Amino acid sequence: MGDHDLFRDEDLAYAHLLLASGSLVELHLCAGAYHAFDLFALASAVPQSFTGSWYCYLGRHFGAAAIERIDEPSEPSEPSAET
């Protein structure tokens with residue numbers, strides 16, 4: 001999450017509650033970043049670093065197959081006959 005994220009305080013409070021309950025929490029606070037920064041300016045260093053740490057987390061907890069599924073382009077869906 002970015003340190004300028006609109007929801008930063010709520011997110012930090014939630015992370016602290018999870019920790020207090022005994023849950024494992026991994027939190028990355030990115031300096032100078034705003035809400036949804038990882039969806040914009042993808043070529044810049046901060047979103048790339050954040051995405052890399054997210055992929056590492058997925059790999060550690062769900063295995064390499066989780067990362068491979070994310071990297072695969074999804075097939076376009078066919079229009080519904082109902083529309």
# chains A, B, ... in the order shown; residues from 1 in each chain; ligands from 1
call {"tool": "residues_around", "arguments": {"residues": "segment 15-17 of chain A", "least_positions_apart": "4", "cutoff": "12 Å", "atoms": "only C-alpha atoms", "output": "list in words"}}
result
Met1, Arg8, Asp9, Glu10, Asp11, Ser21, Gly22, Ser23, Leu24, Val25, Glu26, Leu27, His28 and Leu29 of chain A
call {"tool": "residues_around", "arguments": {"residues": "Phe37 of chain A", "least_positions_apart": "3", "cutoff": "8 Å", "atoms": "only C-alpha atoms", "output": "compact mmCIF listing (two decimals) with N, CA and C atoms, in the first residue's frame"}}
result
# COMPACT_ATOMS: atom_id res chain seq x y z
N GLY A 2 0.38 2.30 -0.53
CA GLY A 2 1.14 3.54 -0.56
C GLY A 2 0.96 4.35 0.72
N ALA A 33 3.60 6.69 -2.62
CA ALA A 33 2.60 6.06 -3.47
C ALA A 33 1.19 6.38 -2.97
N TYR A 34 0.24 6.38 -3.89
CA TYR A 34 -1.16 6.71 -3.62
C TYR A 34 -2.01 5.48 -3.85
N PHE A 40 -1.09 2.07 -12.22
CA PHE A 40 -0.69 3.18 -13.08
C PHE A 40 0.83 3.26 -13.12
N ALA A 41 1.36 3.89 -14.14
CA ALA A 41 2.81 4.08 -14.28
C ALA A 41 3.54 2.77 -14.05
N PRO A 47 5.89 0.74 -8.59
CA PRO A 47 4.93 -0.32 -8.91
C PRO A 47 5.60 -1.64 -9.29
call {"tool": "atom_distance", "arguments": {"atom1": "atom CA of Thr51 of chain A", "atom2": "atom CA of Leu39 of chain A"}}
result
9.8 Å
call {"tool": "closest_residue", "arguments": {"among": "A:Ala64, A:Ala31, A:Leu19, A:Leu6", "to": "Ala45 of chain A", "atoms": "only C-alpha atoms"}}
result
A:Ala31
call {"tool": "residues_around", "arguments": {"residues": "Gly52 of chain A", "least_positions_apart": "6", "cutoff": "12 Å", "atoms": "only C-alpha atoms", "output": "list of chain:residue names"}}
result
A:His28, A:Asp38, A:Leu42, A:Ala45, A:Val46, A:Leu58, A:Gly59, A:Ile67
